[in-house]
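Source file: entry33.cif; contents: mmCIF, C-alpha atoms.
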data_entry
loop_
_atom_site.group_PDB
_atom_site.id
_atom_site.type_symbol
_atom_site.label_atom_id
_atom_site.label_comp_id
_atom_site.auth_asym_id
_atom_site.auth_seq_id
_atom_site.Cartn_x
_atom_site.Cartn_y
_atom_site.Cartn_z
ATOM 1 C CA MET W 5 -20.545 -60.517 19.303
ATOM 2 C CA GLU W 6 -18.627 -63.724 19.856
ATOM 3 C CA ILE W 7 -15.459 -64.615 17.957
ATOM 4 C CA ASN W 8 -15.428 -68.052 16.375
ATOM 5 C CA PHE W 9 -11.987 -69.258 17.417
ATOM 6 C CA VAL W 10 -12.661 -72.833 16.316
ATOM 7 C CA LYS W 11 -13.267 -71.679 12.756
ATOM 8 C CA HIS W 12 -9.726 -70.269 12.517
ATOM 9 C CA LYS W 13 -8.046 -73.214 14.237
ATOM 10 C CA LYS W 14 -5.951 -74.199 11.208
ATOM 11 C CA LEU W 15 -4.720 -70.625 10.780
ATOM 12 C CA PHE W 16 -3.596 -70.455 14.420
ATOM 13 C CA PHE W 17 -1.863 -73.841 14.218
ATOM 14 C CA SER W 18 -0.121 -72.913 10.954
ATOM 15 C CA LEU W 19 1.159 -69.609 12.359
ATOM 16 C CA SER W 20 2.490 -71.284 15.493
ATOM 17 C CA GLY W 21 4.065 -74.076 13.433
ATOM 18 C CA ILE W 22 5.883 -71.604 11.186
ATOM 19 C CA LEU W 23 7.241 -69.618 14.147
ATOM 20 C CA VAL W 24 8.369 -72.742 16.013
ATOM 21 C CA LEU W 25 10.037 -74.164 12.890
ATOM 22 C CA ALA W 26 11.818 -70.872 12.215
ATOM 23 C CA SER W 27 13.049 -70.786 15.821
ATOM 24 C CA ILE W 28 14.391 -74.345 15.613
ATOM 25 C CA ILE W 29 16.198 -73.529 12.347
ATOM 26 C CA ALA W 30 17.729 -70.393 13.910
ATOM 27 C CA LEU W 31 18.934 -72.427 16.900
ATOM 28 C CA ILE W 32 20.458 -75.121 14.675
ATOM 29 C CA LEU W 33 22.176 -72.636 12.352
ATOM 30 C CA PHE W 34 23.318 -69.998 14.839
ATOM 31 C CA GLY W 35 22.998 -71.413 18.349
ATOM 32 C CA LEU W 36 22.977 -69.119 21.396
ATOM 33 C CA ARG W 37 25.646 -66.704 22.538
ATOM 34 C CA TRP W 38 26.059 -67.508 26.228
ATOM 35 C CA GLY W 39 27.114 -64.681 28.502
ATOM 36 C CA ILE W 40 29.904 -64.615 31.032
ATOM 37 C CA ASP W 41 27.638 -66.154 33.675
ATOM 38 C CA PHE W 42 27.591 -69.360 31.631
ATOM 39 C CA VAL W 43 30.919 -69.562 29.775
ATOM 40 C CA GLY W 44 33.262 -67.766 32.161
ATOM 41 C CA GLY W 45 35.285 -64.586 31.785
ATOM 42 C CA SER W 46 36.236 -61.483 33.733
ATOM 43 C CA ILE W 47 34.205 -58.970 35.730
ATOM 44 C CA ILE W 48 35.495 -55.486 36.551
ATOM 45 C CA GLU W 49 33.404 -53.290 38.823
ATOM 46 C CA VAL W 50 34.416 -49.676 39.475
ATOM 47 C CA ASP W 51 32.917 -46.718 41.334
ATOM 48 C CA TYR W 52 33.626 -43.149 40.230
ATOM 49 C CA LYS W 53 34.004 -40.550 42.962
ATOM 50 C CA ASP W 54 32.899 -37.316 41.294
ATOM 51 C CA ILE W 55 31.147 -38.068 37.984
ATOM 52 C CA ASN W 56 28.236 -39.989 36.558
ATOM 53 C CA PRO W 57 29.896 -42.129 33.853
ATOM 54 C CA ASN W 58 28.486 -42.221 30.336
ATOM 55 C CA VAL W 59 28.137 -45.893 29.455
ATOM 56 C CA GLN W 60 28.052 -45.268 25.698
ATOM 57 C CA GLU W 61 31.285 -43.255 25.803
ATOM 58 C CA ILE W 62 33.002 -45.951 27.871
ATOM 59 C CA ARG W 63 31.910 -48.631 25.391
ATOM 60 C CA SER W 64 33.324 -46.542 22.549
ATOM 61 C CA ASP W 65 36.648 -46.010 24.361
ATOM 62 C CA LEU W 66 37.037 -49.690 25.252
ATOM 63 C CA SER W 67 36.320 -50.752 21.675
ATOM 64 C CA ARG W 68 39.848 -49.544 20.815
ATOM 65 C CA LEU W 69 41.282 -52.407 22.851
ATOM 66 C CA ASP W 70 41.599 -55.944 21.545
ATOM 67 C CA LEU W 71 38.533 -57.176 23.431
ATOM 68 C CA GLN W 72 36.562 -59.646 21.346
ATOM 69 C CA GLU W 73 33.384 -59.389 23.400
ATOM 70 C CA PHE W 74 32.446 -57.157 26.307
ATOM 71 C CA SER W 75 29.481 -55.455 27.879
ATOM 72 C CA VAL W 76 29.225 -52.357 30.066
ATOM 73 C CA GLN W 77 26.349 -51.902 32.489
ATOM 74 C CA PRO W 78 25.614 -49.013 34.859
ATOM 75 C CA LYS W 79 25.837 -49.612 38.587
ATOM 76 C CA GLY W 80 23.863 -47.066 40.542
ATOM 77 C CA ASP W 81 24.631 -43.441 39.684
ATOM 78 C CA LYS W 82 28.424 -43.471 39.692
ATOM 79 C CA GLY W 83 29.527 -47.012 38.946
ATOM 80 C CA ILE W 84 29.848 -49.431 36.046
ATOM 81 C CA ILE W 85 30.223 -53.194 35.642
ATOM 82 C CA LEU W 86 32.384 -54.433 32.772
ATOM 83 C CA ARG W 87 32.032 -58.052 31.632
ATOM 84 C CA THR W 88 34.438 -59.518 29.104
ATOM 85 C CA GLN W 89 36.249 -62.706 28.160
ATOM 86 C CA ALA W 90 39.053 -63.896 30.436
ATOM 87 C CA ILE W 91 41.806 -61.254 30.340
ATOM 88 C CA SER W 92 45.397 -61.006 31.515
ATOM 89 C CA GLU W 93 46.607 -58.638 34.205
ATOM 90 C CA GLU W 94 48.192 -56.493 31.490
ATOM 91 C CA MET W 95 44.835 -56.085 29.732
ATOM 92 C CA HIS W 96 43.214 -55.453 33.114
ATOM 93 C CA GLN W 97 45.513 -52.493 33.696
ATOM 94 C CA LYS W 98 44.919 -51.134 30.176
ATOM 95 C CA ILE W 99 41.188 -51.161 30.833
ATOM 96 C CA LEU W 100 41.643 -49.355 34.134
ATOM 97 C CA ASP W 101 43.838 -46.718 32.438
ATOM 98 C CA ILE W 102 41.047 -45.982 29.950
ATOM 99 C CA LEU W 103 38.412 -45.852 32.692
ATOM 100 C CA LYS W 104 40.572 -43.490 34.770
ATOM 101 C CA GLN W 105 40.577 -40.971 31.922
ATOM 102 C CA LYS W 106 36.939 -40.266 32.799
ATOM 103 C CA GLY W 107 37.690 -39.360 36.421
ATOM 104 C CA ASP W 108 38.870 -40.625 39.790
ATOM 105 C CA LEU W 109 37.645 -44.109 40.506
ATOM 106 C CA GLU W 110 37.925 -46.981 42.914
ATOM 107 C CA GLU W 111 37.992 -50.569 41.695
ATOM 108 C CA ALA W 112 35.447 -52.456 43.756
ATOM 109 C CA ARG W 113 35.901 -55.875 42.179
ATOM 110 C CA PHE W 114 37.955 -57.799 39.654
ATOM 111 C CA GLU W 115 37.078 -61.458 39.313
ATOM 112 C CA LEU W 116 37.886 -64.269 36.927
ATOM 113 C CA VAL W 117 35.009 -66.723 36.448
ATOM 114 C CA GLY W 118 36.433 -69.980 35.172
ATOM 115 C CA PRO W 119 34.722 -72.080 32.491
ATOM 116 C CA ILE W 120 33.986 -74.849 35.006
ATOM 117 C CA VAL W 121 31.819 -72.485 37.057
ATOM 118 C CA GLY W 122 30.139 -71.249 33.906
ATOM 119 C CA GLU W 123 29.414 -74.803 32.768
ATOM 120 C CA GLU W 124 27.889 -75.654 36.144
ATOM 121 C CA VAL W 125 25.579 -72.638 35.940
ATOM 122 C CA ARG W 126 24.486 -73.621 32.433
ATOM 123 C CA LYS W 127 23.763 -77.233 33.410
ATOM 124 C CA LYS W 128 21.791 -76.142 36.469
ATOM 125 C CA THR W 129 19.792 -73.723 34.332
ATOM 126 C CA VAL W 130 18.803 -76.523 31.929
ATOM 127 C CA ILE W 131 17.859 -78.791 34.848
ATOM 128 C CA VAL W 132 15.721 -76.039 36.391
ATOM 129 C CA LEU W 133 13.901 -75.496 33.090
ATOM 130 C CA ILE W 134 13.143 -79.207 32.676
ATOM 131 C CA LEU W 135 11.947 -79.567 36.277
ATOM 132 C CA ALA W 136 9.770 -76.460 35.948
ATOM 133 C CA LEU W 137 8.095 -77.832 32.799
ATOM 134 C CA LEU W 138 7.442 -81.244 34.341
ATOM 135 C CA SER W 139 6.146 -79.712 37.579
ATOM 136 C CA ILE W 140 3.725 -77.498 35.685
ATOM 137 C CA MET W 141 2.430 -80.424 33.615
ATOM 138 C CA PHE W 142 1.856 -82.611 36.698
ATOM 139 C CA TYR W 143 0.194 -79.746 38.554
ATOM 140 C CA VAL W 144 -2.305 -79.098 35.744
ATOM 141 C CA THR W 145 -2.978 -82.825 35.395
ATOM 142 C CA PHE W 146 -3.698 -83.040 39.131
ATOM 143 C CA ALA W 147 -5.814 -79.867 39.165
ATOM 144 C CA PHE W 148 -8.094 -81.220 36.413
ATOM 145 C CA ARG W 149 -8.156 -84.814 37.638
ATOM 146 C CA LYS W 150 -11.960 -84.747 38.010
ATOM 147 C CA VAL W 151 -12.459 -83.739 34.363
ATOM 148 C CA SER W 152 -12.597 -86.965 32.356
ATOM 149 C CA TYR W 153 -14.931 -86.059 29.497
ATOM 150 C CA PRO W 154 -14.463 -85.437 26.640
ATOM 151 C CA VAL W 155 -10.678 -85.299 27.290
ATOM 152 C CA SER W 156 -8.654 -86.786 30.124
ATOM 153 C CA SER W 157 -6.963 -84.646 32.761
ATOM 154 C CA TRP W 158 -3.482 -85.581 31.520
ATOM 155 C CA GLN W 159 -4.344 -84.047 28.154
ATOM 156 C CA TYR W 160 -4.883 -80.691 29.849
ATOM 157 C CA GLY W 161 -1.367 -81.049 31.260
ATOM 158 C CA VAL W 162 0.132 -81.970 27.891
ATOM 159 C CA ALA W 163 -1.665 -79.078 26.158
ATOM 160 C CA THR W 164 -0.261 -76.701 28.780
ATOM 161 C CA LEU W 165 3.229 -78.114 28.243
ATOM 162 C CA ILE W 166 2.993 -77.694 24.466
ATOM 163 C CA ALA W 167 1.840 -74.094 24.894
ATOM 164 C CA LEU W 168 4.742 -73.381 27.271
ATOM 165 C CA PHE W 169 7.200 -74.980 24.854
ATOM 166 C CA HIS W 170 5.789 -72.702 22.142
ATOM 167 C CA ASP W 171 6.007 -69.599 24.375
ATOM 168 C CA VAL W 172 9.660 -70.156 25.327
ATOM 169 C CA LEU W 173 11.103 -71.671 22.152
ATOM 170 C CA ILE W 174 10.122 -68.756 19.911
ATOM 171 C CA PRO W 175 11.810 -66.080 22.123
ATOM 172 C CA ILE W 176 14.897 -68.318 22.292
ATOM 173 C CA GLY W 177 14.900 -68.423 18.495
ATOM 174 C CA VAL W 178 14.667 -64.632 18.417
ATOM 175 C CA PHE W 179 17.672 -64.376 20.741
ATOM 176 C CA ALA W 180 19.587 -66.803 18.512
ATOM 177 C CA LEU W 181 19.078 -64.335 15.650
ATOM 178 C CA LEU W 182 19.951 -61.357 17.853
ATOM 179 C CA GLY W 183 23.082 -63.139 19.013
ATOM 180 C CA LYS W 184 24.166 -63.846 15.448
ATOM 181 C CA PHE W 185 23.539 -60.409 13.974
ATOM 182 C CA TYR W 186 23.765 -58.069 17.004
ATOM 183 C CA GLY W 187 25.971 -59.953 19.460
ATOM 184 C CA VAL W 188 23.259 -60.270 22.138
ATOM 185 C CA GLU W 189 24.243 -62.765 24.842
ATOM 186 C CA ILE W 190 22.065 -65.015 26.969
ATOM 187 C CA THR W 191 22.474 -63.831 30.547
ATOM 188 C CA VAL W 192 20.947 -64.761 33.891
ATOM 189 C CA PRO W 193 18.334 -61.931 33.692
ATOM 190 C CA ILE W 194 17.151 -63.258 30.309
ATOM 191 C CA VAL W 195 16.849 -66.796 31.695
ATOM 192 C CA THR W 196 14.977 -65.350 34.672
ATOM 193 C CA ALA W 197 12.582 -63.608 32.280
ATOM 194 C CA LEU W 198 11.917 -66.882 30.453
ATOM 195 C CA LEU W 199 11.192 -68.630 33.748
ATOM 196 C CA THR W 200 8.778 -65.815 34.575
ATOM 197 C CA VAL W 201 7.016 -66.486 31.270
ATOM 198 C CA PHE W 202 6.374 -70.057 32.458
ATOM 199 C CA GLY W 203 4.322 -68.844 35.386
ATOM 200 C CA TYR W 204 2.564 -66.098 33.446
ATOM 201 C CA SER W 205 1.604 -68.340 30.544
ATOM 202 C CA VAL W 206 0.421 -71.283 32.621
ATOM 203 C CA ASN W 207 -1.717 -68.954 34.746
ATOM 204 C CA ASP W 208 -3.487 -67.662 31.638
ATOM 205 C CA THR W 209 -3.973 -71.170 30.271
ATOM 206 C CA VAL W 210 -5.324 -72.558 33.554
ATOM 207 C CA VAL W 211 -7.848 -69.712 33.821
ATOM 208 C CA ILE W 212 -9.244 -70.624 30.395
ATOM 209 C CA PHE W 213 -9.185 -74.368 31.164
ATOM 210 C CA ASP W 214 -11.029 -73.693 34.401
ATOM 211 C CA ARG W 215 -13.761 -71.817 32.526
ATOM 212 C CA ILE W 216 -14.006 -74.755 30.095
ATOM 213 C CA ARG W 217 -14.452 -77.090 33.056
ATOM 214 C CA GLU W 218 -17.219 -74.896 34.512
ATOM 215 C CA ASN W 219 -19.060 -74.689 31.199
ATOM 216 C CA LEU W 220 -18.820 -78.456 30.695
ATOM 217 C CA ILE W 221 -20.582 -78.911 34.024
ATOM 218 C CA ARG W 222 -23.204 -76.172 33.573
ATOM 219 C CA THR W 223 -24.160 -76.675 29.924
ATOM 220 C CA ASN W 224 -24.910 -79.483 27.495
ATOM 221 C CA LEU W 225 -23.259 -77.789 24.521
ATOM 222 C CA PRO W 226 -20.954 -79.672 22.137
ATOM 223 C CA PHE W 227 -17.296 -79.462 23.123
ATOM 224 C CA GLN W 228 -16.358 -77.042 20.336
ATOM 225 C CA ASP W 229 -19.129 -74.673 21.437
ATOM 226 C CA VAL W 230 -17.907 -74.932 25.023
ATOM 227 C CA ILE W 231 -14.404 -73.995 23.811
ATOM 228 C CA ASN W 232 -15.708 -70.959 21.920
ATOM 229 C CA LYS W 233 -17.929 -69.849 24.792
ATOM 230 C CA SER W 234 -15.119 -70.176 27.332
ATOM 231 C CA LEU W 235 -12.581 -68.317 25.183
ATOM 232 C CA ASN W 236 -14.959 -65.435 24.578
ATOM 233 C CA GLU W 237 -15.840 -65.214 28.272
ATOM 234 C CA THR W 238 -12.181 -64.989 29.305
ATOM 235 C CA LEU W 239 -10.919 -62.962 26.329
ATOM 236 C CA SER W 240 -11.272 -59.497 27.862
ATOM 237 C CA ARG W 241 -9.644 -60.648 31.110
ATOM 238 C CA SER W 242 -6.671 -62.201 29.291
ATOM 239 C CA LEU W 243 -6.112 -59.198 27.017
ATOM 240 C CA SER W 244 -6.463 -56.563 29.736
ATOM 241 C CA THR W 245 -4.062 -58.391 32.058
ATOM 242 C CA SER W 246 -1.464 -58.827 29.314
ATOM 243 C CA LEU W 247 -1.759 -55.307 27.907
ATOM 244 C CA THR W 248 -1.315 -53.597 31.268
ATOM 245 C CA THR W 249 1.841 -55.656 31.819
ATOM 246 C CA LEU W 250 3.118 -54.996 28.295
ATOM 247 C CA PHE W 251 2.703 -51.216 28.686
ATOM 248 C CA VAL W 252 5.182 -51.280 31.571
ATOM 249 C CA LEU W 253 7.575 -53.587 29.731
ATOM 250 C CA PHE W 254 7.603 -51.416 26.616
ATOM 251 C CA ALA W 255 8.377 -48.415 28.811
ATOM 252 C CA LEU W 256 11.316 -50.341 30.313
ATOM 253 C CA PHE W 257 12.500 -51.421 26.880
ATOM 254 C CA PHE W 258 12.476 -47.959 25.310
ATOM 255 C CA LEU W 259 13.125 -45.737 28.338
ATOM 256 C CA GLY W 260 14.903 -47.979 30.845
ATOM 257 C CA SER W 261 18.631 -48.608 31.222
ATOM 258 C CA SER W 262 20.549 -50.831 28.828
ATOM 259 C CA ALA W 263 20.826 -53.457 31.572
ATOM 260 C CA LEU W 264 17.050 -53.986 31.383
ATOM 261 C CA LYS W 265 16.689 -53.832 27.598
ATOM 262 C CA TYR W 266 16.906 -57.513 26.717
ATOM 263 C CA PHE W 267 15.376 -58.635 29.992
ATOM 264 C CA SER W 268 12.262 -56.630 29.124
ATOM 265 C CA LEU W 269 12.383 -57.839 25.494
ATOM 266 C CA ALA W 270 12.333 -61.472 26.647
ATOM 267 C CA LEU W 271 9.287 -60.720 28.807
ATOM 268 C CA ILE W 272 7.548 -58.816 25.993
ATOM 269 C CA LEU W 273 7.976 -61.742 23.614
ATOM 270 C CA GLY W 274 7.064 -64.357 26.201
ATOM 271 C CA ILE W 275 3.951 -62.626 27.538
ATOM 272 C CA THR W 276 2.687 -61.795 24.044
ATOM 273 C CA LEU W 277 3.153 -65.389 22.910
ATOM 274 C CA GLY W 278 1.755 -66.694 26.199
ATOM 275 C CA THR W 279 -1.441 -64.721 25.719
ATOM 276 C CA TYR W 280 -1.695 -65.916 22.122
ATOM 277 C CA SER W 281 -1.080 -69.584 22.959
ATOM 278 C CA SER W 282 -3.548 -69.571 25.858
ATOM 279 C CA ILE W 283 -6.308 -68.253 23.619
ATOM 280 C CA CYS W 284 -5.467 -69.654 20.197
ATOM 281 C CA LEU W 285 -3.480 -72.816 20.846
ATOM 282 C CA ALA W 286 -3.927 -74.722 24.126
ATOM 283 C CA SER W 287 -7.731 -75.035 24.150
ATOM 284 C CA LEU W 288 -7.913 -75.758 20.418
ATOM 285 C CA LEU W 289 -5.407 -78.581 20.892
ATOM 286 C CA LEU W 290 -7.902 -80.242 23.229
ATOM 287 C CA LEU W 291 -10.573 -79.933 20.555
ATOM 288 C CA SER W 292 -8.292 -81.474 17.937
ATOM 289 C CA TRP W 293 -7.616 -84.475 20.167
ATOM 290 C CA VAL W 294 -11.354 -84.950 20.773
ATOM 291 C CA LYS W 295 -12.080 -84.926 17.037
ATOM 292 C CA LYS W 296 -9.280 -87.403 16.330
ATOM 293 C CA SER W 297 -10.491 -89.765 19.052
#

Go ahead and express the file in the form of structure tokens.
Amino acid sequence: MEINFVKHKKLFFSLSGILVLASIIALILFGLRWGIDFVGGSIIEVDYKDINPNVQEIRSDLSRLDLQEFSVQPKGDKGIILRTQAISEEMHQKILDILKQKGDLEEARFELVGPIVGEEVRKKTVIVLILALLSIMFYVTFAFRKVSYPVSSWQYGVATLIALFHDVLIPIGVFALLGKFYGVEITVPIVTALLTVFGYSVNDTVVIFDRIRENLIRTNLPFQDVINKSLNETLSRSLSTSLTTLFVLFALFFLGSSALKYFSLALILGITLGTYSSICLASLLLLSWVKKS
């Protein structure tokens, strides 16, 4: 039994519009909490000699100090990495005194990352995102250059770009809310996860577009019937690929270390939305443009 995706086009567009609008509002009201990699700060890395440190206990002990923001991540079995705002040498020693209460340790690294370095990283990240989006759009346009009816090849590229914008903007909006209410910071692993979503989402979209191209050549059906036929033919492939990936990511989110928690959350959101947009958004955008023309 085939699903009539075209029939529910307005519902899909409305849902996506609401989520995108909510994400934009969250970004305007709250903004993003950038991590130390982007705004600068201090990094303390220590290795314990005889114990496996309890990260939760260390967080609780350090909360007694006047540290506005900090994060503690495990490093192997016997080490931790502490990230905080720029601190003085006096505060550095106070932190070490608290950490030494847990056992003998060796300080492997203490670095101050200035705001200039952080600003450079942030600017380069934005540039990379823009270049990745433009490269993907031009690639799809080139790949479908021989498809000129009933939509032009550049429209396939634009539809892919809109779907990618949808897939990344909504997770960013979620992290704006998490940053406001739970203090979650945007770190390099989270940005890496969002870049991974680009590739995952565009792959799913191109597979469906390719099936549309094949069906346009092999059949004489109206374009909306070609869309429906192509989506139904690729539905099981898209869902099975996404679900097998999501099973692993949910395991990382619930059972993995705290260092992987928000990295896996960004991937969960991005892959879920990428699957949705590939099926319910990108192809139906092409149909909308055909009807308007």

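Nearest residue to Val24 in chain W, choosing from W:Ile231, W:Val178, W:Ile62, W:Ile84 and counting only C-alpha atoms: W:Val178.
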
Leaving out range 249-264 of chain W and any residue of its chain fewer than 6 positions from it, which residues lie within 10 Å of it when counting all atoms listed in the file, given as JSON, numbers by chain?
-> {"W": [59, 60, 75, 76, 77, 78, 79, 193, 194, 243, 270, 271, 272, 273, 275, 276]}

I would like the residues chosen by the PyMOL selection byres ((chain W and resi 17) around 12) on the shown file; could you give them as a ChimeraX atom specification?
-> /W:9-16,18-25,166-167,170,280-281,283-289,292

Put those residues in a file: C-alpha atoms, as an mmCIF file, in the coordinates of the input.
data_model
loop_
_atom_site.group_PDB
_atom_site.id
_atom_site.type_symbol
_atom_site.label_atom_id
_atom_site.label_comp_id
_atom_site.auth_asym_id
_atom_site.auth_seq_id
_atom_site.Cartn_x
_atom_site.Cartn_y
_atom_site.Cartn_z
ATOM 1 C CA PHE W 9 -11.987 -69.258 17.417
ATOM 2 C CA VAL W 10 -12.661 -72.833 16.316
ATOM 3 C CA LYS W 11 -13.267 -71.679 12.756
ATOM 4 C CA HIS W 12 -9.726 -70.269 12.517
ATOM 5 C CA LYS W 13 -8.046 -73.214 14.237
ATOM 6 C CA LYS W 14 -5.951 -74.199 11.208
ATOM 7 C CA LEU W 15 -4.720 -70.625 10.780
ATOM 8 C CA PHE W 16 -3.596 -70.455 14.420
ATOM 9 C CA SER W 18 -0.121 -72.913 10.954
ATOM 10 C CA LEU W 19 1.159 -69.609 12.359
ATOM 11 C CA SER W 20 2.490 -71.284 15.493
ATOM 12 C CA GLY W 21 4.065 -74.076 13.433
ATOM 13 C CA ILE W 22 5.883 -71.604 11.186
ATOM 14 C CA LEU W 23 7.241 -69.618 14.147
ATOM 15 C CA VAL W 24 8.369 -72.742 16.013
ATOM 16 C CA LEU W 25 10.037 -74.164 12.890
ATOM 17 C CA ILE W 166 2.993 -77.694 24.466
ATOM 18 C CA ALA W 167 1.840 -74.094 24.894
ATOM 19 C CA HIS W 170 5.789 -72.702 22.142
ATOM 20 C CA TYR W 280 -1.695 -65.916 22.122
ATOM 21 C CA SER W 281 -1.080 -69.584 22.959
ATOM 22 C CA ILE W 283 -6.308 -68.253 23.619
ATOM 23 C CA CYS W 284 -5.467 -69.654 20.197
ATOM 24 C CA LEU W 285 -3.480 -72.816 20.846
ATOM 25 C CA ALA W 286 -3.927 -74.722 24.126
ATOM 26 C CA SER W 287 -7.731 -75.035 24.150
ATOM 27 C CA LEU W 288 -7.913 -75.758 20.418
ATOM 28 C CA LEU W 289 -5.407 -78.581 20.892
ATOM 29 C CA SER W 292 -8.292 -81.474 17.937
#

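Residues matched by the PyMOL selection byres ((chain W and resi 153) around 12) in this structure: Phe148, Arg149, Lys150, Val151, Ser152, Pro154, Val155, Ser156, Ser157, Trp158, Gln159, Tyr160, Ile216, Arg217, Leu220, Ile221, Pro226, Phe227, Leu290, Leu291, Trp293, Val294 and Ser297 of chain W.
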
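When the PyMOL selection byres ((chain W and resi 123) around 12) is run on the displayed coordinates, the residues it returns are W:Trp38, W:Gly39, W:Ile40, W:Asp41, W:Phe42, W:Val43, W:Gly44, W:Gly45, W:Val117, W:Gly118, W:Pro119, W:Ile120, W:Val121, W:Gly122, W:Glu124, W:Val125, W:Arg126, W:Lys127, W:Lys128, W:Thr129, W:Val130.
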
Fewer than 5 positions away in the same chain doesn't count, so skip those; otherwise give me all residues within 12 Å of Asp101 in chain W, counting all atoms listed in the file, as a ChimeraX atom specification.
-> /W:62,65-66,69,94-96,106-109,111

Could you pull the residues within 9 Å of Leu165 in chain W, counting only C-alpha atoms, minus those fewer than 4 positions along the same chain, as a list of chain:residue names?
-> W:Leu137, W:Leu138, W:Ile140, W:Met141, W:Tyr160, W:Gly161, W:Phe169, W:His170, W:Val206, W:Ala286

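Atom to atom, CA of Phe34 in chain W and CA of Thr88 in chain W stand 20.9 Å apart.
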
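The interatomic distance for the pair CA of Thr209 in chain W and CA of Glu6 in chain W works out to 19.5 Å.
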
Which of these, W:Leu116, W:Arg37, W:Lys265, W:Leu173, has the shortest distance to Phe185 in chain W once you count all atoms listed in the file?
-> W:Arg37

Around range 190-197 of chain W, with edges along x, y and z and 3 Å added on all six sides, what centre and edge lengths do you get, in Å to one decimal, as AutoDock Vina command-line options?
--center_x 17.5 --center_y -64.4 --center_z 30.8 --size_x 15.9 --size_y 10.9 --size_z 13.7

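Interatomic distance, CA of Phe202 in chain W against CA of Lys296 in chain W: 28.4 Å.
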
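All protein and nucleic acid residues in the vicinity of (-2.6, -63.7, 31.9), that is within 7 Å when counting all atoms listed in the file, are Tyr204, Ser205, Asn207, Asp208, Ser242, Thr245, Ser246 and Thr279 of chain W.
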
Across W:Gly35, W:Gly187, W:Pro57, W:Gly274, the smallest distance to Asp171 in chain W, with only C-alpha atoms counted, is shown by W:Gly274

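Minimum atom-to-atom distance to Glu93 in chain W, evaluated using all atoms listed in the file, belongs to W:Phe114 out of W:Tyr266, W:Phe114, W:Phe213, W:Tyr143.
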
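Shell of Val195 in chain W at 9 Å, with only C-alpha atoms counted and residues fewer than 3 places along the chain excluded, is Thr129, Ile190, Thr191, Val192, Leu198, Leu199, Thr200, Phe267 and Ala270 of chain W.
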